[in-house]
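The file coords_26.tsv contains TSV, C-alpha atoms and all ligand atoms:
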```tsv
chain	number	residue	atom	x	y	z
A	36	MET	CA	22.52	-7.03	-9.76
A	37	ASN	CA	20.33	-5.08	-12.18
A	38	ILE	CA	18.84	-1.64	-11.62
A	39	TYR	CA	15.36	-3.00	-10.96
A	40	LEU	CA	16.44	-5.32	-8.15
A	41	ALA	CA	18.72	-2.74	-6.57
A	42	ILE	CA	15.99	-0.09	-6.54
A	43	ASN	CA	13.51	-2.50	-5.02
A	44	GLN	CA	15.95	-3.66	-2.40
A	45	GLY	CA	16.70	-0.02	-1.56
A	46	ALA	CA	13.01	0.88	-1.41
A	47	LYS	CA	12.33	-2.03	0.97
A	48	ILE	CA	15.04	-0.84	3.36
A	49	LEU	CA	13.65	2.73	3.28
A	50	LYS	CA	10.09	1.51	3.80
A	51	ALA	CA	11.13	-0.46	6.86
A	52	LYS	CA	12.60	2.77	8.27
A	53	PHE	CA	9.33	4.66	7.67
A	54	ILE	CA	10.62	6.83	4.83
A	55	SER	CA	7.37	7.90	3.16
A	56	ASN	CA	8.51	8.26	-0.46
A	57	TYR	CA	10.62	5.11	-0.31
A	58	LEU	CA	10.33	4.09	-3.97
A	59	LEU	CA	10.81	7.56	-5.43
A	60	ASP	CA	13.76	8.20	-3.12
A	61	SER	CA	15.34	4.91	-4.12
A	62	GLU	CA	14.94	5.78	-7.82
A	63	ILE	CA	16.40	9.27	-7.36
A	64	LEU	CA	19.39	7.92	-5.45
A	65	MET	CA	19.97	5.33	-8.19
A	66	ALA	CA	19.76	8.00	-10.91
A	67	ASN	CA	22.26	10.11	-9.00
A	68	THR	CA	24.62	7.16	-8.46
A	69	ILE	CA	24.89	6.28	-12.13
A	70	LYS	CA	24.62	9.94	-13.26
A	71	LYS	CA	21.53	9.45	-15.39
A	72	ASP	CA	18.04	10.87	-15.08
A	73	ARG	CA	15.04	9.03	-13.64
A	74	LYS	CA	13.63	8.44	-17.11
A	75	PHE	CA	16.77	6.55	-18.14
A	76	ILE	CA	16.55	4.44	-14.98
A	77	LEU	CA	12.93	3.50	-15.58
A	78	SER	CA	13.54	2.52	-19.19
A	79	ASN	CA	16.69	0.50	-18.43
A	80	LEU	CA	15.63	-1.57	-15.44
A	81	ASN	CA	17.41	-4.66	-16.74
A	82	LEU	CA	20.80	-3.01	-17.00
A	83	SER	CA	23.29	-4.61	-14.66
A	84	LEU	CA	25.12	-2.38	-12.23
A	85	LYS	CA	28.87	-2.13	-11.81
A	86	LYS	CA	30.04	-3.27	-8.40
A	87	ASN	CA	31.24	0.21	-7.57
A	88	ASP	CA	27.89	1.81	-8.46
A	89	LEU	CA	25.97	-0.76	-6.43
A	90	ASP	CA	28.20	-0.10	-3.40
A	91	ASN	CA	27.72	3.65	-3.72
A	92	PHE	CA	23.97	3.26	-4.14
A	93	GLN	CA	23.73	1.08	-1.05
A	94	LYS	CA	25.67	3.65	0.95
A	95	LEU	CA	23.20	6.35	-0.09
A	96	ILE	CA	20.27	4.12	0.85
A	97	GLU	CA	21.83	3.55	4.25
A	98	LYS	CA	22.20	7.31	4.79
A	99	ARG	CA	18.65	7.98	3.61
A	100	SER	CA	17.35	5.26	5.93
A	101	GLN	CA	18.84	7.22	8.83
A	102	GLY	CA	16.83	10.28	7.79
A	103	ASN	CA	19.43	12.13	5.74
A	104	PRO	CA	17.36	14.13	3.23
A	105	VAL	CA	17.62	13.19	-0.46
A	106	ALA	CA	18.56	16.79	-1.32
A	107	TYR	CA	21.72	16.54	0.81
A	108	LEU	CA	22.60	13.12	-0.59
A	109	ILE	CA	22.44	14.31	-4.18
A	110	ASN	CA	23.56	17.89	-3.39
A	111	LYS	CA	20.77	19.55	-5.31
A	112	LYS	CA	17.25	20.85	-5.00
A	113	CYS	CA	14.85	22.48	-7.45
A	114	PHE	CA	13.44	25.83	-6.40
A	115	TRP	CA	11.30	28.17	-8.56
A	116	ASN	CA	12.65	27.28	-12.00
A	117	SER	CA	16.24	26.36	-11.30
A	118	GLU	CA	18.27	23.61	-9.76
A	119	PHE	CA	20.42	24.76	-6.82
A	120	PHE	CA	23.60	23.19	-5.52
A	121	ILE	CA	23.24	22.63	-1.78
A	122	THR	CA	25.10	21.02	1.09
A	123	ASN	CA	24.11	20.49	4.69
A	124	ASP	CA	25.49	23.96	5.45
A	125	THR	CA	22.35	25.46	3.92
A	126	LEU	CA	18.68	24.94	4.57
A	127	ILE	CA	17.04	22.87	1.83
A	128	PRO	CA	15.03	25.34	-0.29
A	129	ARG	CA	11.31	24.89	0.48
A	130	PRO	CA	8.31	25.31	-1.84
A	131	ASP	CA	6.81	27.60	0.85
A	132	THR	CA	9.64	30.05	0.27
A	133	GLU	CA	8.73	30.32	-3.42
A	134	LEU	CA	5.94	32.60	-2.17
A	135	ILE	CA	8.54	35.32	-1.68
A	136	VAL	CA	9.72	35.04	-5.28
A	137	GLU	CA	6.15	34.97	-6.56
A	138	ASN	CA	5.35	38.17	-4.67
A	139	VAL	CA	8.44	39.94	-5.92
A	140	ILE	CA	7.66	39.07	-9.54
A	141	LYS	CA	4.08	40.35	-9.14
A	142	LEU	CA	5.13	43.56	-7.39
A	143	THR	CA	7.85	44.49	-9.86
A	144	LYS	CA	6.13	43.77	-13.16
A	145	ASN	CA	6.91	47.13	-14.76
A	146	LYS	CA	9.96	48.03	-12.70
A	147	ASN	CA	13.54	48.32	-13.89
A	148	ASN	CA	16.98	48.46	-12.29
A	149	LEU	CA	15.81	47.76	-8.74
A	150	SER	CA	18.34	46.93	-6.11
A	151	ILE	CA	17.42	44.06	-3.83
A	152	LEU	CA	18.82	42.90	-0.52
A	153	ASP	CA	18.45	39.33	0.76
A	154	ILE	CA	19.15	39.00	4.49
A	155	GLY	CA	20.36	35.47	5.33
A	156	ILE	CA	20.92	34.29	1.78
A	157	GLY	CA	21.55	30.58	2.56
A	158	SER	CA	21.83	28.72	-0.75
A	159	GLY	CA	20.94	31.92	-2.60
A	160	CYS	CA	17.72	30.41	-3.90
A	161	ILE	CA	15.51	33.47	-3.30
A	162	ILE	CA	17.62	36.25	-4.70
A	163	ILE	CA	19.11	34.20	-7.53
A	164	SER	CA	15.62	33.16	-8.67
A	165	ILE	CA	14.60	36.83	-8.67
A	166	LEU	CA	17.71	37.93	-10.58
A	167	LYS	CA	17.11	35.21	-13.16
A	168	GLU	CA	13.59	36.51	-13.76
A	169	LYS	CA	14.49	40.20	-13.74
A	170	LYS	CA	17.53	40.70	-15.93
A	171	ASN	CA	18.18	44.33	-14.98
A	172	PHE	CA	17.85	43.99	-11.20
A	173	TYR	CA	20.86	44.01	-8.91
A	174	GLY	CA	21.21	41.90	-5.80
A	175	THR	CA	23.07	41.99	-2.52
A	176	GLY	CA	23.13	38.99	-0.24
A	177	ILE	CA	24.40	38.74	3.31
A	178	ASP	CA	24.87	35.76	5.56
A	179	ILE	CA	26.70	35.09	8.77
A	180	SER	CA	27.86	31.74	7.39
A	181	LYS	CA	30.88	31.84	5.06
A	182	LYS	CA	29.93	28.40	3.77
A	183	CYS	CA	26.50	29.68	2.69
A	184	LEU	CA	28.16	32.56	0.84
A	185	ASP	CA	30.44	30.09	-0.98
A	186	ILE	CA	27.44	27.99	-1.98
A	187	SER	CA	25.49	31.07	-3.11
A	188	GLU	CA	28.46	32.11	-5.18
A	189	ILE	CA	28.54	28.71	-6.91
A	190	ASN	CA	24.79	28.93	-7.60
A	191	ALA	CA	25.06	32.49	-8.88
A	192	PHE	CA	27.83	31.38	-11.24
A	193	ASN	CA	25.99	28.26	-12.44
A	194	LEU	CA	22.80	30.23	-13.01
A	195	LYS	CA	24.62	33.12	-14.68
A	196	VAL	CA	23.77	35.99	-12.34
A	197	SER	CA	27.21	36.43	-10.70
A	198	SER	CA	27.82	39.82	-12.29
A	199	ARG	CA	24.64	41.19	-10.65
A	200	LEU	CA	25.04	39.70	-7.17
A	201	LYS	CA	27.28	41.02	-4.41
A	202	LEU	CA	27.83	38.87	-1.35
A	203	TYR	CA	28.93	39.93	2.13
A	204	LYS	CA	29.72	37.94	5.22
A	205	SER	CA	27.94	39.83	7.98
A	206	SER	CA	25.49	39.44	10.78
A	207	VAL	CA	22.29	41.35	10.19
A	208	ASP	CA	22.90	43.95	12.89
A	209	LYS	CA	26.38	44.89	11.64
A	210	PHE	CA	25.47	45.38	7.98
A	211	ASN	CA	25.09	49.03	6.97
A	212	LEU	CA	25.81	49.18	3.27
A	213	GLY	CA	23.51	50.73	0.68
A	214	LYS	CA	19.84	51.55	0.29
A	215	TYR	CA	17.47	49.09	-1.31
A	216	ASP	CA	14.26	49.24	-3.33
A	217	LEU	CA	13.24	45.84	-2.09
A	218	ILE	CA	14.30	43.57	0.77
A	219	VAL	CA	13.59	39.84	1.14
A	220	SER	CA	14.37	37.48	3.99
A	221	ASN	CA	13.70	33.98	5.26
A	222	PRO	CA	15.33	34.23	8.68
A	223	PRO	CA	15.51	31.49	11.32
A	224	TYR	CA	12.16	31.59	13.10
A	225	ILE	CA	11.63	28.33	15.02
A	226	LYS	CA	11.44	28.68	18.81
A	227	LYS	CA	14.57	27.21	20.38
A	228	HIS	CA	12.53	24.84	22.53
A	229	ASP	CA	10.44	23.70	19.54
A	230	LEU	CA	13.43	22.63	17.47
A	231	LYS	CA	13.21	19.17	18.99
A	232	TYR	CA	9.68	18.72	17.63
A	233	LEU	CA	10.75	19.22	14.01
A	234	GLU	CA	10.79	16.14	11.80
A	235	ARG	CA	13.84	13.92	12.17
A	236	ASP	CA	14.96	14.67	8.61
A	237	ILE	CA	15.02	18.38	9.47
A	238	ILE	CA	16.40	18.56	12.97
A	239	GLY	CA	18.88	15.73	12.49
A	240	PHE	CA	20.42	17.18	9.35
A	241	GLU	CA	19.60	20.81	8.55
A	242	PRO	CA	21.72	23.63	10.02
A	243	LYS	CA	20.33	24.88	13.33
A	244	LEU	CA	21.82	28.27	12.56
A	245	ALA	CA	19.21	28.62	9.80
A	246	LEU	CA	16.30	27.44	11.98
A	247	ASP	CA	16.84	28.68	15.55
A	248	GLY	CA	14.88	31.87	16.18
A	249	GLY	CA	15.75	32.08	19.86
A	250	LEU	CA	13.47	31.64	22.86
A	251	ASP	CA	10.38	33.24	21.33
A	252	GLY	CA	11.26	32.43	17.71
A	253	LEU	CA	11.42	36.13	16.90
A	254	SER	CA	14.93	37.14	17.89
A	255	GLU	CA	16.31	37.11	14.33
A	256	ILE	CA	13.09	38.41	12.78
A	257	ARG	CA	13.28	41.44	15.11
A	258	LYS	CA	16.81	42.23	13.92
A	259	VAL	CA	15.87	41.70	10.28
A	260	ILE	CA	12.89	44.06	10.59
A	261	LYS	CA	14.94	46.75	12.33
A	262	LYS	CA	17.75	46.53	9.78
A	263	SER	CA	15.32	46.50	6.84
A	264	SER	CA	13.66	49.62	8.15
A	265	GLU	CA	17.07	51.34	8.11
A	266	LEU	CA	18.26	50.10	4.72
A	267	ILE	CA	15.07	50.26	2.69
A	268	LYS	CA	14.14	53.23	0.51
A	269	LYS	CA	10.90	55.11	1.17
A	270	ASN	CA	8.04	53.18	-0.47
A	271	GLY	CA	10.31	50.14	-0.81
A	272	LYS	CA	8.75	46.73	-0.37
A	273	PHE	CA	9.83	44.22	2.26
A	274	ILE	CA	8.86	40.55	1.90
A	275	LEU	CA	9.42	38.32	4.87
A	276	GLU	CA	8.88	34.62	5.60
A	277	ILE	CA	7.50	33.88	9.08
A	278	GLY	CA	6.49	30.94	11.28
A	279	PHE	CA	2.90	29.65	11.22
A	280	ASP	CA	2.04	31.32	14.55
A	281	GLN	CA	3.90	34.61	14.21
A	282	LYS	CA	1.65	36.72	11.99
A	283	ASN	CA	0.17	39.09	14.58
A	284	LYS	CA	3.38	39.62	16.51
A	285	VAL	CA	5.38	40.24	13.35
A	286	ILE	CA	2.77	42.67	12.00
A	287	ASN	CA	3.06	44.67	15.22
A	288	LEU	CA	6.85	44.74	14.99
A	289	LEU	CA	6.63	45.89	11.37
A	290	LYS	CA	4.16	48.66	12.14
A	291	LYS	CA	6.40	49.94	14.92
A	292	GLU	CA	9.27	50.21	12.44
A	293	GLY	CA	7.20	52.23	9.97
A	294	PHE	CA	5.92	49.58	7.60
A	295	TYR	CA	2.44	49.49	6.08
A	296	ILE	CA	1.16	45.90	5.80
A	297	ASN	CA	0.03	45.03	2.27
A	298	SER	CA	-0.82	41.39	2.87
A	299	ALA	CA	-0.15	38.28	4.93
A	300	GLN	CA	-0.27	35.09	2.90
A	301	LYS	CA	-0.64	31.40	3.58
A	302	ASP	CA	1.55	28.67	2.13
A	303	LEU	CA	0.28	25.54	0.37
A	304	GLY	CA	-0.24	23.90	3.78
A	305	MET	CA	-2.55	26.84	4.67
A	306	ASN	CA	-0.17	28.18	7.32
A	307	ASP	CA	0.60	31.91	7.59
A	308	ARG	CA	3.97	32.14	5.89
A	309	CYS	CA	4.71	35.39	4.12
A	310	ILE	CA	4.20	39.09	4.83
A	311	VAL	CA	4.41	41.81	2.20
A	312	CYS	CA	4.76	45.37	3.47
A	313	THR	CA	5.85	48.82	2.35
A	314	LYS	CA	8.08	51.34	4.12
A	315	ILE	CA	6.20	54.58	4.63
A	401	LIG	N1	10.18	26.43	7.18
A	401	LIG	C1	11.30	25.84	7.86
A	401	LIG	C2	10.84	24.62	8.64
A	401	LIG	O1	9.73	24.56	9.09
A	401	LIG	C3	11.97	26.83	8.78
A	401	LIG	C4	12.69	27.85	8.03
A	401	LIG	C5	13.19	28.95	8.89
A	401	LIG	O2	13.36	28.88	10.12
A	401	LIG	N2	13.45	30.00	8.23
A	401	LIG	O3	11.58	23.69	8.77
```
Go ahead and express the file in the form of structure tokens.
Ligand code: GLN
Amino acid sequence: MNIYLAINQGAKILKAKFISNYLLDSEILMANTIKKDRKFILSNLNLSLKKNDLDNFQKLIEKRSQGNPVAYLINKKCFWNSEFFITNDTLIPRPDTELIVENVIKLTKNKNNLSILDIGIGSGCIIISILKEKKNFYGTGIDISKKCLDISEINAFNLKVSSRLKLYKSSVDKFNLGKYDLIVSNPPYIKKHDLKYLERDIIGFEPKLALDGGLDGLSEIRKVIKKSSELIKKNGKFILEIGFDQKNKVINLLKKEGFYINSAQKDLGMNDRCIVCTKI
């Protein structure tokens, strides 16, 4: 079978299972199977596939048709301006989270040698993107998941920031090391009882540990705010991702812990998503 037919067959299967980007997904999975880019695929549609490649491609299509996200099937996702290695032990980096990086870059334009803490590092996408932009900044990342730390370490190595990133396995409440100029975090913030309403691709495949914010969605955010207040330097900035309905509650928590609110920002879907504040 040639590439063209296989992609079309794959796309048809995905369409029947209500996968919205069925054709694109089929093309990406093909590119990944034969280790070429999408451009190669589209200019070599007549190329016939080896039996082994066709089998592997069909297996990926089957997994995708069950909702398994493309990013997990190809083990990578672009975030900011890099490609990150990911597995289903980490959340898939989201464009919404790029807001944090954007804010940090803006806030630190003329700053040097800052030390940054990322609480709940996951794939490492936030802090590694920052370290790539700011060559004299130093990073510390913590996560309760050893697997996330291993993945962050791989990404830090691939993206050449390993020498400026320290990683620790720790829960947020037990971590007491250092003082930081800047703290970032995208903690789990979905209400436990709302997890079931997330899209199938998310709830069926992404790690609940990275999503579950407890009964009111704020249990991890509360800990992150308290810890940040302890570990941040005076006048240090704290940039936090939040759920679409958490702005007012989170602002109150921040004020109680001595933070001045600089701004609350919406993501591309116009949902409240990111809070920038300063420790006073
Ligand atoms: N934004 C993610 C989602 O809606 C949740 C991320 C998180 O809990 N930190 O799926």
I want to know what sits within 6 Å of region 303-310 of chain A, based on all atoms listed in the file, with residues of the same chain fewer than 2 positions away left out; could you give that as an mmCIF file with C-alpha atoms, keeping the file's coordinate frame?
```
data_model
loop_
_atom_site.group_PDB
_atom_site.id
_atom_site.type_symbol
_atom_site.label_atom_id
_atom_site.label_comp_id
_atom_site.auth_asym_id
_atom_site.auth_seq_id
_atom_site.Cartn_x
_atom_site.Cartn_y
_atom_site.Cartn_z
ATOM 1 C CA ILE A 274 8.860 40.550 1.900
ATOM 2 C CA LEU A 275 9.420 38.320 4.870
ATOM 3 C CA GLU A 276 8.880 34.620 5.600
ATOM 4 C CA ILE A 277 7.500 33.880 9.080
ATOM 5 C CA PHE A 279 2.900 29.650 11.220
ATOM 6 C CA SER A 298 -0.820 41.390 2.870
ATOM 7 C CA ALA A 299 -0.150 38.280 4.930
ATOM 8 C CA GLN A 300 -0.270 35.090 2.900
ATOM 9 C CA LYS A 301 -0.640 31.400 3.580
#
```
(message) Under the rule that only C-alpha atoms are counted, which of A:Asn190, A:Gly248, A:Lys262, A:Ile179 is the nearest residue to Gly213 (chain A)?
(response) A:Lys262
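With only C-alpha atoms as the atoms that count, the minimum distance from Ser100 (chain A) to the choices A:Gly174, A:Gly45, A:Gly157, A:Pro242 is reached by A:Gly45.
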For Trp115 (chain A): contacts at 10 Å, only C-alpha atoms, fewer than 6 positions along chain excluded, given as a PDB file with C-alpha atoms, in the coordinates of the input:
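What landed in result-v4.pdb:
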```pdb
ATOM      1  CA  PRO A 128      15.030  25.340  -0.290  1.00  0.00           C
ATOM      2  CA  ARG A 129      11.310  24.890   0.480  1.00  0.00           C
ATOM      3  CA  PRO A 130       8.310  25.310  -1.840  1.00  0.00           C
ATOM      4  CA  THR A 132       9.640  30.050   0.270  1.00  0.00           C
ATOM      5  CA  GLU A 133       8.730  30.320  -3.420  1.00  0.00           C
ATOM      6  CA  LEU A 134       5.940  32.600  -2.170  1.00  0.00           C
ATOM      7  CA  VAL A 136       9.720  35.040  -5.280  1.00  0.00           C
ATOM      8  CA  GLU A 137       6.150  34.970  -6.560  1.00  0.00           C
ATOM      9  CA  CYS A 160      17.720  30.410  -3.900  1.00  0.00           C
ATOM     10  CA  ILE A 161      15.510  33.470  -3.300  1.00  0.00           C
ATOM     11  CA  ILE A 163      19.110  34.200  -7.530  1.00  0.00           C
ATOM     12  CA  SER A 164      15.620  33.160  -8.670  1.00  0.00           C
ATOM     13  CA  ILE A 165      14.600  36.830  -8.670  1.00  0.00           C
TER      14      ILE A 165
END
```
(message) Report as number ranges by chain all protein, DNA and RNA residues lying within 9 Å of Leu89 (chain A), evaluated on all atoms listed in the file, omitting residues in the same chain fewer than 5 positions from it.
(response) A: 36, 38, 41, 65, 68, 84, 94
(request) Identify, counting only C-alpha atoms and all ligand atoms, the protein, DNA and RNA residues located within 9 Å of ligand LIG 401 (chain A), and give them as a ChimeraX atom specification. (result) /A:126-129,131-132,220-226,230,233-234,237-238,241,243-248,252,276-279,308
What would the file look like if the residues just selected were written as a CSV table (one decimal), in the frame of the given file with C-alpha atoms?
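This is the output file selection08.csv:
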```csv
chain,number,residue,atom,x,y,z
A,126,LEU,CA,18.7,24.9,4.6
A,127,ILE,CA,17.0,22.9,1.8
A,128,PRO,CA,15.0,25.3,-0.3
A,129,ARG,CA,11.3,24.9,0.5
A,131,ASP,CA,6.8,27.6,0.8
A,132,THR,CA,9.6,30.0,0.3
A,220,SER,CA,14.4,37.5,4.0
A,221,ASN,CA,13.7,34.0,5.3
A,222,PRO,CA,15.3,34.2,8.7
A,223,PRO,CA,15.5,31.5,11.3
A,224,TYR,CA,12.2,31.6,13.1
A,225,ILE,CA,11.6,28.3,15.0
A,226,LYS,CA,11.4,28.7,18.8
A,230,LEU,CA,13.4,22.6,17.5
A,233,LEU,CA,10.8,19.2,14.0
A,234,GLU,CA,10.8,16.1,11.8
A,237,ILE,CA,15.0,18.4,9.5
A,238,ILE,CA,16.4,18.6,13.0
A,241,GLU,CA,19.6,20.8,8.6
A,243,LYS,CA,20.3,24.9,13.3
A,244,LEU,CA,21.8,28.3,12.6
A,245,ALA,CA,19.2,28.6,9.8
A,246,LEU,CA,16.3,27.4,12.0
A,247,ASP,CA,16.8,28.7,15.6
A,248,GLY,CA,14.9,31.9,16.2
A,252,GLY,CA,11.3,32.4,17.7
A,276,GLU,CA,8.9,34.6,5.6
A,277,ILE,CA,7.5,33.9,9.1
A,278,GLY,CA,6.5,30.9,11.3
A,279,PHE,CA,2.9,29.6,11.2
A,308,ARG,CA,4.0,32.1,5.9
```
(message) Residues near Tyr39 (chain A), anyone? I mean within 10 Å using all atoms listed in the file, not counting same-chain ones fewer than 2 positions away, as a list in words.
(response) Met36, Asn37, Ala41, Ile42, Asn43, Gln44, Gly45, Glu62, Met65, Ile76, Leu77, Asn79, Leu80, Asn81, Leu82, Ser83 and Leu84 of chain A
